[in-house]
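Q: The structure follows.
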Amino acid sequence: MATKKKEAKNPLKVVTGTHRVSYVHVKEPSSFEDDGEKKYDCTFLIPKDHPDVPKIEAAIKAAYDANKESLFKGLPRTSPKLWNPLRDGDEWLEDHPEAVEYEDHYFIKASSKSQPAVFDVDKQDIIDLDDVYSGCYCRGVIVCYPFNNKSKGFGFYLNSLMKMDDGERLGGFEASADDYDDEEDLT
């Protein structure tokens, strides 16, 4: 009987635990800039003490180590000249006080030019991608990559998402038919 050879672990790949997600664009690609390249993306809100933090940092270090001389010309990994995709939510709150969900969290955006696979907890494809929204809880498969173009640093590809649970929607507003119960006649 043949035994299946175990694949070597990709040091750039991170399979996250369950996290709340924000800025979810898995149905249609988007861009924050009008003339920017449109991509599918998702931002993971990760508690600062979560075990995923050292896994993400290790993937960034692996990408740095493999490209230290060729791409970064020996620039230290902790240099402010290198973009670190693992960002501090408390610092984000200073400029975005309404984003209270970022408090005591790191956040990391992962994106892709191609549409990521999106699964439910039973590992089945999610057909209605509107079911995956900012505020729900997901796991993700993300892969670190280095870049050196207009700027230098690291990013993460979004390979896939697995929706784990619903949550309160973020960044939107609540719409209700009860809004029309006003007694004022507007005709």
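Residues are named by chain letter and number: chains run A, B, ... in the order of the structure tokens, numbers start at 1 in each chain, and ligands are numbered from 1 in the order shown.
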Using only C-alpha atoms, which protein or nucleic acid residues come within 12 Å of Glu168 of chain A? Drop anything in the same chain fewer than 3 positions from it, and give the result as a PDB file with N, CA, C and O atoms, in the first residue's frame.

A:
ATOM      1  N   ARG A  20     -13.833  38.219  12.727  1.00  0.00           N
ATOM      2  CA  ARG A  20     -14.803  39.121  12.107  1.00  0.00           C
ATOM      3  C   ARG A  20     -14.136  39.756  10.898  1.00  0.00           C
ATOM      4  O   ARG A  20     -12.941  40.056  10.917  1.00  0.00           O
ATOM      5  N   VAL A  21     -14.898  39.944   9.839  1.00  0.00           N
ATOM      6  CA  VAL A  21     -14.335  40.524   8.617  1.00  0.00           C
ATOM      7  C   VAL A  21     -15.021  41.849   8.303  1.00  0.00           C
ATOM      8  O   VAL A  21     -16.164  42.093   8.687  1.00  0.00           O
ATOM      9  N   SER A  22     -14.272  42.692   7.621  1.00  0.00           N
ATOM     10  CA  SER A  22     -14.752  44.020   7.250  1.00  0.00           C
ATOM     11  C   SER A  22     -14.314  44.298   5.820  1.00  0.00           C
ATOM     12  O   SER A  22     -13.419  43.640   5.293  1.00  0.00           O
ATOM     13  N   GLU A 101     -15.026  48.556  16.268  1.00  0.00           N
ATOM     14  CA  GLU A 101     -14.715  47.134  16.176  1.00  0.00           C
ATOM     15  C   GLU A 101     -13.213  46.878  15.998  1.00  0.00           C
ATOM     16  O   GLU A 101     -12.738  45.759  16.196  1.00  0.00           O
ATOM     17  N   VAL A 132     -21.947  36.597   2.530  1.00  0.00           N
ATOM     18  CA  VAL A 132     -20.649  36.912   3.135  1.00  0.00           C
ATOM     19  C   VAL A 132     -20.511  38.420   3.093  1.00  0.00           C
ATOM     20  O   VAL A 132     -20.413  39.015   2.021  1.00  0.00           O
ATOM     21  N   TYR A 133     -20.522  39.061   4.248  1.00  0.00           N
ATOM     22  CA  TYR A 133     -20.637  40.516   4.328  1.00  0.00           C
ATOM     23  C   TYR A 133     -19.758  41.056   5.454  1.00  0.00           C
ATOM     24  O   TYR A 133     -19.293  40.305   6.327  1.00  0.00           O
ATOM     25  N   SER A 134     -19.542  42.352   5.441  1.00  0.00           N
ATOM     26  CA  SER A 134     -18.776  43.003   6.498  1.00  0.00           C
ATOM     27  C   SER A 134     -19.521  42.863   7.817  1.00  0.00           C
ATOM     28  O   SER A 134     -20.645  43.328   7.945  1.00  0.00           O
ATOM     29  N   GLY A 135     -18.882  42.180   8.758  1.00  0.00           N
ATOM     30  CA  GLY A 135     -19.480  41.949  10.064  1.00  0.00           C
ATOM     31  C   GLY A 135     -19.671  40.477  10.373  1.00  0.00           C
ATOM     32  O   GLY A 135     -19.800  40.096  11.529  1.00  0.00           O
ATOM     33  N   CYS A 136     -19.680  39.617   9.348  1.00  0.00           N
ATOM     34  CA  CYS A 136     -19.819  38.186   9.622  1.00  0.00           C
ATOM     35  C   CYS A 136     -18.451  37.644  10.058  1.00  0.00           C
ATOM     36  O   CYS A 136     -17.453  38.368  10.101  1.00  0.00           O
ATOM     37  N   TYR A 137     -18.407  36.373  10.392  1.00  0.00           N
ATOM     38  CA  TYR A 137     -17.188  35.741  10.901  1.00  0.00           C
ATOM     39  C   TYR A 137     -16.718  34.689   9.906  1.00  0.00           C
ATOM     40  O   TYR A 137     -17.498  33.850   9.461  1.00  0.00           O
ATOM     41  N   ASP A 165     -19.947  32.143  10.723  1.00  0.00           N
ATOM     42  CA  ASP A 165     -21.110  32.580  11.482  1.00  0.00           C
ATOM     43  C   ASP A 165     -21.534  33.972  11.026  1.00  0.00           C
ATOM     44  O   ASP A 165     -20.747  34.715  10.451  1.00  0.00           O
ATOM     45  N   GLY A 171     -20.592  49.102   8.984  1.00  0.00           N
ATOM     46  CA  GLY A 171     -20.491  50.155   7.995  1.00  0.00           C
ATOM     47  C   GLY A 171     -21.732  50.451   7.196  1.00  0.00           C
ATOM     48  O   GLY A 171     -21.689  51.235   6.267  1.00  0.00           O
ATOM     49  N   GLY A 172     -22.808  49.844   7.532  1.00  0.00           N
ATOM     50  CA  GLY A 172     -24.022  50.096   6.776  1.00  0.00           C
ATOM     51  C   GLY A 172     -25.046  50.786   7.641  1.00  0.00           C
ATOM     52  O   GLY A 172     -24.733  51.393   8.652  1.00  0.00           O
ATOM     53  N   PHE A 173     -26.261  50.694   7.236  1.00  0.00           N
ATOM     54  CA  PHE A 173     -27.347  51.277   8.002  1.00  0.00           C
ATOM     55  C   PHE A 173     -28.473  50.270   8.025  1.00  0.00           C
ATOM     56  O   PHE A 173     -28.541  49.366   7.195  1.00  0.00           O
ATOM     57  N   GLU A 174     -29.316  50.408   8.974  1.00  0.00           N
ATOM     58  CA  GLU A 174     -30.460  49.512   9.087  1.00  0.00           C
ATOM     59  C   GLU A 174     -31.638  50.092   8.318  1.00  0.00           C
ATOM     60  O   GLU A 174     -31.975  51.256   8.473  1.00  0.00           O
TER      61      GLU A 174
END

Q: What's around Ser30 of chain A at 12 Å? Count only C-alpha atoms, leave out sequence neighbours fewer than 4 positions away in its own chain, and write the answer as a list in words.

A: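 What passes the distance filter is Tyr23, Val24, His25, Val26, Asp34, Asp35, Gly36, Glu37, Lys38, Lys39, Tyr40, Asp41, Cys42, Ser111, Ser112, Lys113, Ser114 and Gln115 of chain A.
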
Q: Give the strand (DSSP E or B) residues of segment 95-183 of chain A, as assigned by DSSP on the backbone, as a PyMOL selection string.

A: chain A and resi 105-112+117-119+125+137-148+152-165

Q: Create the file for the chosen residues now, containing N, CA and C atoms and written as a short mmCIF file (atom, residue, chain, number, x, y, z; two decimals), in the first residue's frame.

A:
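For reference, result_39.cif as written:
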data_model
loop_
_atom_site.label_atom_id
_atom_site.label_comp_id
_atom_site.auth_asym_id
_atom_site.auth_seq_id
_atom_site.Cartn_x
_atom_site.Cartn_y
_atom_site.Cartn_z
N HIS A 105 -7.51 45.21 18.38
CA HIS A 105 -7.32 44.26 17.29
C HIS A 105 -6.18 44.72 16.38
N TYR A 106 -5.60 43.77 15.70
CA TYR A 106 -4.82 44.05 14.50
C TYR A 106 -5.78 43.83 13.34
N PHE A 107 -5.44 44.38 12.19
CA PHE A 107 -6.22 44.08 10.99
C PHE A 107 -5.28 43.87 9.83
N ILE A 108 -5.74 43.02 8.92
CA ILE A 108 -4.93 42.71 7.75
C ILE A 108 -5.86 42.54 6.56
N LYS A 109 -5.51 43.21 5.48
CA LYS A 109 -6.29 43.12 4.25
C LYS A 109 -5.62 42.11 3.33
N ALA A 110 -6.43 41.23 2.77
CA ALA A 110 -5.94 40.28 1.78
C ALA A 110 -6.77 40.50 0.51
N SER A 111 -6.12 40.43 -0.65
CA SER A 111 -6.82 40.72 -1.90
C SER A 111 -6.34 39.80 -3.01
N SER A 112 -7.10 39.80 -4.10
CA SER A 112 -6.76 38.97 -5.25
C SER A 112 -7.39 39.56 -6.51
N ALA A 117 -12.34 31.48 -3.74
CA ALA A 117 -13.34 30.47 -3.41
C ALA A 117 -13.96 30.87 -2.08
N VAL A 118 -15.27 30.65 -1.93
CA VAL A 118 -15.97 30.99 -0.69
C VAL A 118 -16.81 29.77 -0.30
N PHE A 119 -16.56 29.28 0.93
CA PHE A 119 -17.19 28.06 1.41
C PHE A 119 -18.03 28.33 2.65
N ASP A 125 -19.47 25.17 -1.57
CA ASP A 125 -19.41 26.51 -2.17
C ASP A 125 -20.63 27.32 -1.72
N TYR A 137 -18.41 36.37 10.39
CA TYR A 137 -17.19 35.74 10.90
C TYR A 137 -16.72 34.69 9.91
N CYS A 138 -15.43 34.77 9.56
CA CYS A 138 -14.86 33.89 8.54
C CYS A 138 -13.48 33.40 8.95
N ARG A 139 -13.11 32.29 8.35
CA ARG A 139 -11.72 31.84 8.33
C ARG A 139 -11.20 32.20 6.95
N GLY A 140 -9.90 32.22 6.78
CA GLY A 140 -9.35 32.54 5.48
C GLY A 140 -8.06 31.79 5.21
N VAL A 141 -7.78 31.60 3.93
CA VAL A 141 -6.47 31.12 3.50
C VAL A 141 -5.83 32.29 2.76
N ILE A 142 -4.74 32.80 3.35
CA ILE A 142 -4.06 33.96 2.80
C ILE A 142 -2.58 33.62 2.61
N VAL A 143 -1.96 34.23 1.62
CA VAL A 143 -0.57 33.93 1.30
C VAL A 143 0.21 35.24 1.17
N CYS A 144 1.31 35.33 1.91
CA CYS A 144 2.13 36.53 1.92
C CYS A 144 2.97 36.63 0.64
N TYR A 145 3.14 37.85 0.15
CA TYR A 145 4.03 38.08 -0.98
C TYR A 145 4.77 39.40 -0.76
N PRO A 146 6.01 39.50 -1.25
CA PRO A 146 6.75 40.74 -1.17
C PRO A 146 6.50 41.58 -2.41
N PHE A 147 6.68 42.89 -2.30
CA PHE A 147 6.60 43.72 -3.50
C PHE A 147 7.62 44.85 -3.41
N ASN A 148 8.03 45.31 -4.57
CA ASN A 148 8.95 46.43 -4.70
C ASN A 148 8.64 47.10 -6.02
N LYS A 152 7.66 49.56 -1.19
CA LYS A 152 8.21 48.25 -0.87
C LYS A 152 7.50 47.70 0.35
N GLY A 153 7.38 46.40 0.39
CA GLY A 153 6.80 45.79 1.58
C GLY A 153 6.18 44.45 1.29
N PHE A 154 5.07 44.18 1.98
CA PHE A 154 4.43 42.87 1.93
C PHE A 154 2.93 43.04 1.81
N GLY A 155 2.31 42.08 1.16
CA GLY A 155 0.86 42.03 1.06
C GLY A 155 0.43 40.59 1.23
N PHE A 156 -0.88 40.37 1.21
CA PHE A 156 -1.42 39.01 1.32
C PHE A 156 -2.45 38.78 0.22
N TYR A 157 -2.30 37.66 -0.50
CA TYR A 157 -3.30 37.21 -1.45
C TYR A 157 -4.46 36.59 -0.67
N LEU A 158 -5.65 36.77 -1.15
CA LEU A 158 -6.83 36.13 -0.59
C LEU A 158 -7.16 34.92 -1.46
N ASN A 159 -6.83 33.73 -0.96
CA ASN A 159 -7.11 32.50 -1.72
C ASN A 159 -8.55 32.05 -1.55
N SER A 160 -9.02 32.02 -0.29
CA SER A 160 -10.38 31.55 -0.05
C SER A 160 -10.87 32.03 1.31
N LEU A 161 -12.19 31.97 1.47
CA LEU A 161 -12.85 32.29 2.74
C LEU A 161 -13.79 31.14 3.08
N MET A 162 -13.97 30.94 4.38
CA MET A 162 -14.98 30.02 4.86
C MET A 162 -15.83 30.77 5.88
N LYS A 163 -17.10 30.99 5.53
CA LYS A 163 -17.99 31.69 6.46
C LYS A 163 -18.33 30.76 7.61
N MET A 164 -18.09 31.26 8.83
CA MET A 164 -18.32 30.45 10.02
C MET A 164 -19.60 30.83 10.75
N ASP A 165 -19.95 32.14 10.72
CA ASP A 165 -21.11 32.58 11.48
C ASP A 165 -21.53 33.97 11.03
#

Q: Which residues are near Gly89 of chain A? Cut-off 8 Å, only C-alpha atoms, ignore same chain within fewer than 2 positions. Put them as a ChimeraX atom specification.

A: /A:87,91-93,102-107

Q: Would you please give, as a tab-separated table (two decimals) with C-alpha atoms, in the first residue's frame, all residues of segment 64-104 of chain A that DSSP assigns to alpha helix (DSSP H) based on the backbone?

A:
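So the final result, stored in states.tsv, reads:
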chain	number	residue	atom	x	y	z
A	64	TYR	CA	11.42	38.99	3.84
A	65	ASP	CA	14.13	36.37	4.36
A	66	ALA	CA	13.64	35.00	0.83
A	67	ASN	CA	13.89	38.49	-0.70
A	89	GLY	CA	-6.50	48.80	14.99
A	90	ASP	CA	-5.99	51.16	17.94
A	91	GLU	CA	-3.89	53.42	15.71
A	92	TRP	CA	-6.60	53.19	13.02
A	93	LEU	CA	-9.15	54.37	15.58
A	94	GLU	CA	-7.27	57.64	16.03
A	95	ASP	CA	-8.35	58.70	12.52

Q: With a distance cut-off of 8 Å and only C-alpha atoms, select the neighbouring residues of Ala58 of chain A, excluding the residue or stretch itself and same-chain residues fewer than 4 positions from it, and output the selection as a ChimeraX atom specification.

A: /A:11-12,54,62

Q: Go ahead and write the selection's residues with N, CA and C atoms as a PDB file, in the first residue's frame.

A:
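After the write, again.pdb holds the following:
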ATOM      1  N   PRO A  11       5.703  28.274   3.924  1.00  0.00           N
ATOM      2  CA  PRO A  11       5.871  29.225   5.032  1.00  0.00           C
ATOM      3  C   PRO A  11       5.164  30.563   4.803  1.00  0.00           C
ATOM      4  N   LEU A  12       4.702  30.802   3.585  1.00  0.00           N
ATOM      5  CA  LEU A  12       4.028  32.060   3.264  1.00  0.00           C
ATOM      6  C   LEU A  12       2.509  31.960   3.440  1.00  0.00           C
ATOM      7  N   PRO A  54       1.259  35.631  15.561  1.00  0.00           N
ATOM      8  CA  PRO A  54       2.613  35.140  15.262  1.00  0.00           C
ATOM      9  C   PRO A  54       2.695  34.347  13.952  1.00  0.00           C
ATOM     10  N   ALA A  62       9.219  35.133   6.564  1.00  0.00           N
ATOM     11  CA  ALA A  62       9.659  34.197   5.519  1.00  0.00           C
ATOM     12  C   ALA A  62       9.752  34.902   4.167  1.00  0.00           C
TER      13      ALA A  62
END

Q: Nearest to Ile126 of chain A among A:Asn10, A:Gly167, A:Lys27, A:Glu98, with distances taken over only C-alpha atoms: which residue is it?

A: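 The closest residue to Ile126 of chain A is A:Lys27.
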
Q: Quote the spacing between atom CA of Asp120 of chain A and atom CA of Leu45 of chain A in Å to one decimal place.

A: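 Between atom CA of Asp120 of chain A and atom CA of Leu45 of chain A the gap is 19.2 Å.
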